[in-house]
>>> print(open('final_19.cif').read())   # mmCIF, C-alpha atoms
data_structure
loop_
_atom_site.label_atom_id
_atom_site.label_comp_id
_atom_site.auth_asym_id
_atom_site.auth_seq_id
_atom_site.Cartn_x
_atom_site.Cartn_y
_atom_site.Cartn_z
CA MET A 17 -1.64 4.91 17.88
CA GLU A 18 -5.24 5.35 18.92
CA ILE A 19 -7.09 8.58 19.65
CA LYS A 20 -10.46 8.85 21.39
CA TYR A 21 -13.12 9.81 18.87
CA THR A 22 -15.06 12.84 20.07
CA GLY A 23 -16.62 13.99 16.82
CA GLN A 24 -13.48 15.20 15.02
CA GLU A 25 -14.18 15.86 11.33
CA TYR A 26 -10.59 16.22 10.05
CA TYR A 27 -7.05 15.25 10.84
CA ASP A 28 -4.05 17.28 9.69
CA ILE A 29 -1.11 15.01 8.92
CA ASN A 30 2.45 16.11 8.25
CA LEU A 31 3.94 14.11 5.39
CA ASN A 32 7.62 14.94 5.68
CA GLY A 33 6.98 18.69 5.58
CA ARG A 34 3.75 18.72 3.58
CA VAL A 35 0.53 19.03 5.60
CA GLU A 36 -2.63 17.39 4.29
CA ARG A 37 -6.12 17.67 5.78
CA LEU A 38 -7.83 14.26 5.84
CA PRO A 39 -11.55 13.73 6.49
CA ILE A 40 -12.41 11.34 9.33
CA SER A 41 -15.16 8.79 8.74
CA ALA A 42 -16.62 5.75 10.49
CA VAL A 43 -15.79 2.23 9.35
CA THR A 44 -17.72 0.74 12.29
CA PRO A 45 -19.73 2.42 15.07
CA THR A 46 -16.62 2.39 17.28
CA LEU A 47 -13.81 2.81 14.75
CA HIS A 48 -13.05 5.88 12.64
CA ILE A 49 -10.27 6.41 10.12
CA ALA A 50 -8.82 9.37 8.26
CA GLY A 51 -9.38 9.02 4.53
CA PHE A 52 -6.21 9.19 2.47
CA VAL A 53 -6.75 8.98 -1.29
CA LEU A 54 -4.02 9.53 -3.85
CA LEU A 55 -6.18 8.81 -6.90
CA GLY A 56 -6.70 11.97 -8.93
CA ASN A 57 -4.18 14.00 -6.91
CA THR A 58 -1.10 14.02 -9.13
CA ASN A 59 0.80 16.53 -7.02
CA LEU A 60 0.34 14.61 -3.76
CA THR A 61 1.04 11.27 -5.47
CA ASN A 62 4.30 12.52 -6.95
CA TYR A 63 5.31 14.13 -3.67
CA CYS A 64 4.73 10.90 -1.71
CA ALA A 65 6.43 8.85 -4.44
CA LYS A 66 9.53 11.05 -4.28
CA VAL A 67 9.74 10.74 -0.48
CA LEU A 68 9.22 6.96 -0.60
CA ALA A 69 11.68 6.54 -3.48
CA GLU A 70 14.32 8.23 -1.35
CA LYS A 71 13.56 5.86 1.55
CA ILE A 72 13.77 2.68 -0.59
CA LYS A 73 16.51 3.64 -3.05
CA ASP A 74 19.09 1.42 -1.31
CA VAL A 75 16.76 -1.58 -0.87
CA ASP A 76 17.77 -4.49 -3.11
CA PHE A 77 14.74 -5.49 -5.22
CA ASP A 78 13.94 -6.32 -8.83
CA TYR A 79 10.23 -5.42 -8.94
CA ILE A 80 7.64 -3.52 -6.97
CA VAL A 81 4.37 -5.41 -6.49
CA CYS A 82 1.16 -3.61 -5.53
CA PRO A 83 -2.60 -4.13 -5.32
CA GLU A 84 -5.07 -2.61 -7.75
CA ALA A 85 -6.16 0.26 -7.91
CA LYS A 86 -5.40 3.16 -5.55
CA THR A 87 -1.69 2.33 -5.46
CA LEU A 88 -1.13 2.27 -9.22
CA PRO A 89 -0.21 5.95 -9.72
CA LEU A 90 2.10 5.75 -6.69
CA ALA A 91 3.87 2.68 -8.07
CA GLN A 92 4.25 4.29 -11.49
CA SER A 93 5.73 7.45 -10.01
CA ILE A 94 8.10 5.61 -7.65
CA CYS A 95 9.37 3.46 -10.53
CA THR A 96 10.03 6.61 -12.55
CA TYR A 97 11.98 8.21 -9.68
CA LEU A 98 14.00 5.01 -9.27
CA GLY A 99 15.08 4.89 -12.90
CA GLU A 100 12.34 3.02 -14.71
CA LYS A 101 11.99 0.04 -12.37
CA GLU A 102 8.97 -2.10 -13.19
CA PHE A 103 5.94 -2.98 -11.10
CA ILE A 104 3.49 -5.87 -11.06
CA VAL A 105 -0.18 -5.40 -10.21
CA PHE A 106 -2.29 -7.80 -8.19
CA ARG A 107 -5.73 -7.32 -9.78
CA LYS A 108 -9.06 -7.45 -7.90
CA GLY A 109 -10.62 -9.94 -10.26
CA LEU A 110 -9.97 -12.43 -13.04
CA LYS A 111 -9.61 -11.02 -16.55
CA ALA A 112 -10.17 -12.94 -19.79
CA TYR A 113 -6.63 -12.26 -21.00
CA MET A 114 -4.95 -13.83 -17.95
CA VAL A 115 -2.92 -17.00 -18.40
CA ASN A 116 -2.74 -19.40 -15.44
CA PRO A 117 -3.59 -16.76 -12.82
CA ILE A 118 -3.02 -17.25 -9.10
CA VAL A 119 -5.93 -16.14 -6.90
CA THR A 120 -6.11 -15.32 -3.19
CA GLU A 121 -8.54 -13.35 -1.02
CA VAL A 122 -8.04 -10.38 1.27
CA LYS A 123 -10.18 -8.59 3.84
CA SER A 124 -9.48 -4.90 4.41
CA ILE A 125 -10.88 -2.65 7.14
CA THR A 126 -12.08 -0.24 4.44
CA THR A 127 -14.13 -2.80 2.46
CA GLU A 128 -17.25 -4.63 3.57
CA ASN A 129 -16.53 -8.00 1.95
CA SER A 130 -13.48 -10.05 1.08
CA GLN A 131 -11.88 -9.19 -2.24
CA LYS A 132 -9.99 -11.34 -4.71
CA MET A 133 -6.38 -10.63 -5.51
CA VAL A 134 -5.22 -12.09 -8.80
CA VAL A 135 -1.77 -12.15 -10.36
CA ASP A 136 -1.54 -13.04 -14.03
CA GLY A 137 0.61 -16.07 -14.88
CA VAL A 138 2.57 -13.88 -17.32
CA ASP A 139 3.57 -11.68 -14.38
CA VAL A 140 4.28 -14.75 -12.25
CA GLU A 141 6.94 -15.77 -14.74
CA LYS A 142 8.54 -12.29 -14.57
CA ILE A 143 8.87 -12.28 -10.78
CA LYS A 144 9.44 -15.98 -10.06
CA GLY A 145 12.53 -16.25 -7.86
CA LYS A 146 13.05 -12.45 -7.91
CA LYS A 147 13.41 -9.95 -5.08
CA VAL A 148 10.31 -7.79 -4.65
CA LEU A 149 9.22 -4.77 -2.66
CA VAL A 150 5.54 -4.87 -1.67
CA LEU A 151 3.79 -1.48 -1.94
CA ASP A 152 0.43 -0.10 -0.77
CA ASP A 153 -0.84 3.40 -0.04
CA VAL A 154 -1.86 2.67 3.59
CA VAL A 155 -1.16 -0.36 5.78
CA SER A 156 -3.39 -0.96 8.78
CA THR A 157 -3.86 -4.59 9.79
CA GLY A 158 -1.53 -5.78 7.03
CA GLY A 159 -4.23 -7.95 5.44
CA THR A 160 -3.39 -6.86 1.91
CA PHE A 161 0.35 -7.31 2.46
CA LYS A 162 -0.22 -10.77 4.00
CA ALA A 163 -2.42 -11.92 1.11
CA MET A 164 0.18 -10.75 -1.40
CA GLU A 165 2.93 -12.33 0.67
CA GLN A 166 1.20 -15.74 0.47
CA VAL A 167 1.19 -15.60 -3.31
CA LEU A 168 4.73 -14.23 -3.51
CA ASN A 169 6.01 -17.05 -1.29
CA GLN A 170 4.16 -19.57 -3.48
CA ILE A 171 5.88 -18.07 -6.55
CA GLY A 172 9.28 -18.24 -4.86
CA CYS A 173 9.89 -14.51 -4.50
CA LYS A 174 12.11 -13.02 -1.83
CA ILE A 175 10.40 -10.09 -0.13
CA SER A 176 12.98 -7.35 0.34
CA GLY A 177 10.60 -5.10 2.26
CA TYR A 178 7.30 -3.28 2.38
CA ALA A 179 6.59 0.35 1.49
CA THR A 180 3.58 2.53 2.18
CA VAL A 181 2.77 6.18 2.57
CA LEU A 182 0.98 5.72 5.89
CA ARG A 183 1.10 3.14 8.68
CA GLU A 184 -2.34 3.26 10.27
CA GLY A 185 -2.50 1.95 13.83
CA GLU A 186 0.13 -0.39 15.21
CA ASP A 187 -0.89 -3.82 13.91
CA PHE A 188 1.72 -4.02 11.16
CA PRO A 189 5.32 -4.25 12.42
CA THR A 190 7.90 -1.71 11.33
CA GLU A 191 10.62 -4.27 10.54
CA LYS A 192 11.46 -3.93 6.83
CA LEU A 193 8.65 -1.35 6.51
CA TYR A 194 9.46 1.91 4.73
CA TYR A 195 6.84 4.59 5.27
CA ILE A 196 6.39 8.32 5.55
CA GLN A 197 4.16 8.79 8.59
CA ASP A 198 2.04 7.06 11.23
CA LEU A 199 -1.70 7.64 11.03
CA PRO A 200 -3.85 7.20 14.14
CA LEU A 201 -7.10 5.29 14.46
CA TRP A 202 -10.00 6.90 16.30
CA VAL A 203 -11.89 4.67 18.75
CA GLY A 204 -14.96 5.07 20.87
#
>>> encode(input="final_19.cif", output="structure tokens")
Amino acid sequence: MEIKYTGQEYYDINLNGRVERLPISAVTPTLHIAGFVLLGNTNLTNYCAKVLAEKIKDVDFDYIVCPEAKTLPLAQSICTYLGEKEFIVFRKGLKAYMVNPIVTEVKSITTENSQKMVVDGVDVEKIKGKKVLVLDDVVSTGGTFKAMEQVLNQIGCKISGYATVLREGEDFPTEKLYYIQDLPLWVG
């Protein structure tokens, strides 16, 4: 969904009964987004995790996989609500402790340059051939999901679905997508 940008400073979004005020900012001269940040907001993170956990509780998966870093508290909380499920993190860079890592790149509308996504070979062995649910805080173009999907397919994982708090715009299809609310983009 797109809304004409006419100088709006905030957007009030209803997250399944909880209203949050999000600041609107420019990502390009003609595209504005509402900023949604879970980091540091334990109450909001746990609220969203509980709502998402309810939506995905009947999905058949072994692990949640998510990108670093904003999604980490959400993944932790969802796994707790679902009875101590585990999650795997795709890191944004190589770390010295990694064994046989797999690396891909992703371009997001909220970052200026491409970023690396790295999964440690130790984690690859855990999820190889397993069913996974791919998680992010916001999906817009689906670039992060697609980059993760490439690696997961290479590993031999079966993707059971995708979960996110917000679906921003309409670029990412809703098939097998579990989310709380749509978030508009502001154009013009």
>>> closest_residue(input="final_19.cif", among="A:Val154, A:Val119, A:Glu84, A:Gln197", to="A:Asn32", atoms="all atoms listed in the file")
A:Gln197
>>> resolve_selection(input="final_19.cif", expression="the PyMOL selection byres ((chain A and resi 176-192) around 8)", output="PyMOL selection string")
chain A and resi 17-18+64+68+72+75-77+147-158+174-175+193-201
>>> atom_distance(input="final_19.cif", atom1="atom CA of A:Pro83", atom2="atom CA of A:Asp28")
26.2 Å
>>> closest_residue(input="final_19.cif", among="A:Gly56, A:Glu70, A:Ile104, A:Val122", to="A:Pro89", atoms="all atoms listed in the file")
A:Gly56
>>> closest_residue(input="final_19.cif", among="A:Tyr63, A:Tyr27, A:Phe103, A:Trp202", to="A:Lys142", atoms="only C-alpha atoms")
A:Phe103
>>> residues_around(input="final_19.cif", residues="A:Lys144", least_positions_apart="2", cutoff="7 Å", atoms="all atoms listed in the file", output="PDB file with C-alpha atoms, in the coordinates of the input")
ATOM      1  CA  VAL A 140       4.280 -14.750 -12.250  1.00  0.00           C
ATOM      2  CA  GLU A 141       6.940 -15.770 -14.740  1.00  0.00           C
ATOM      3  CA  LYS A 142       8.540 -12.290 -14.570  1.00  0.00           C
ATOM      4  CA  LYS A 146      13.050 -12.450  -7.910  1.00  0.00           C
ATOM      5  CA  ILE A 171       5.880 -18.070  -6.550  1.00  0.00           C
ATOM      6  CA  GLY A 172       9.280 -18.240  -4.860  1.00  0.00           C
ATOM      7  CA  CYS A 173       9.890 -14.510  -4.500  1.00  0.00           C
TER       8      CYS A 173
END
>>> resolve_selection(input="final_19.cif", expression="the PyMOL selection byres ((chain A and resi 164) around 10)", output="list in words")
Val81, Cys82, Pro83, Phe106, Val119, Thr120, Glu121, Val122, Met133, Val134, Val135, Val150, Leu151, Gly158, Gly159, Thr160, Phe161, Lys162, Ala163, Glu165, Gln166, Val167, Leu168, Asn169 and Gln170 of chain A
>>> residues_around(input="final_19.cif", residues="A:Asp136", least_positions_apart="3", cutoff="7 Å", atoms="all atoms listed in the file", output="MDAnalysis selection string")
chainID A and resid 114:118 139:140
>>> atom_distance(input="final_19.cif", atom1="atom CA of A:Ser41", atom2="atom CA of A:Glu25")
7.6 Å
>>> atom_distance(input="final_19.cif", atom1="atom CA of A:Lys132", atom2="atom CA of A:Leu88")
16.9 Å
>>> residues_around(input="final_19.cif", residues="A:Ala50", least_positions_apart="6", cutoff="6 Å", atoms="only C-alpha atoms", output="count of residues only")
3
>>> resolve_selection(input="final_19.cif", expression="the PyMOL selection byres ((chain A and resi 45) around 12)", output="list in words")
Tyr21, Ser41, Ala42, Val43, Thr44, Thr46, Leu47, His48, Ile49, Trp202, Val203 and Gly204 of chain A
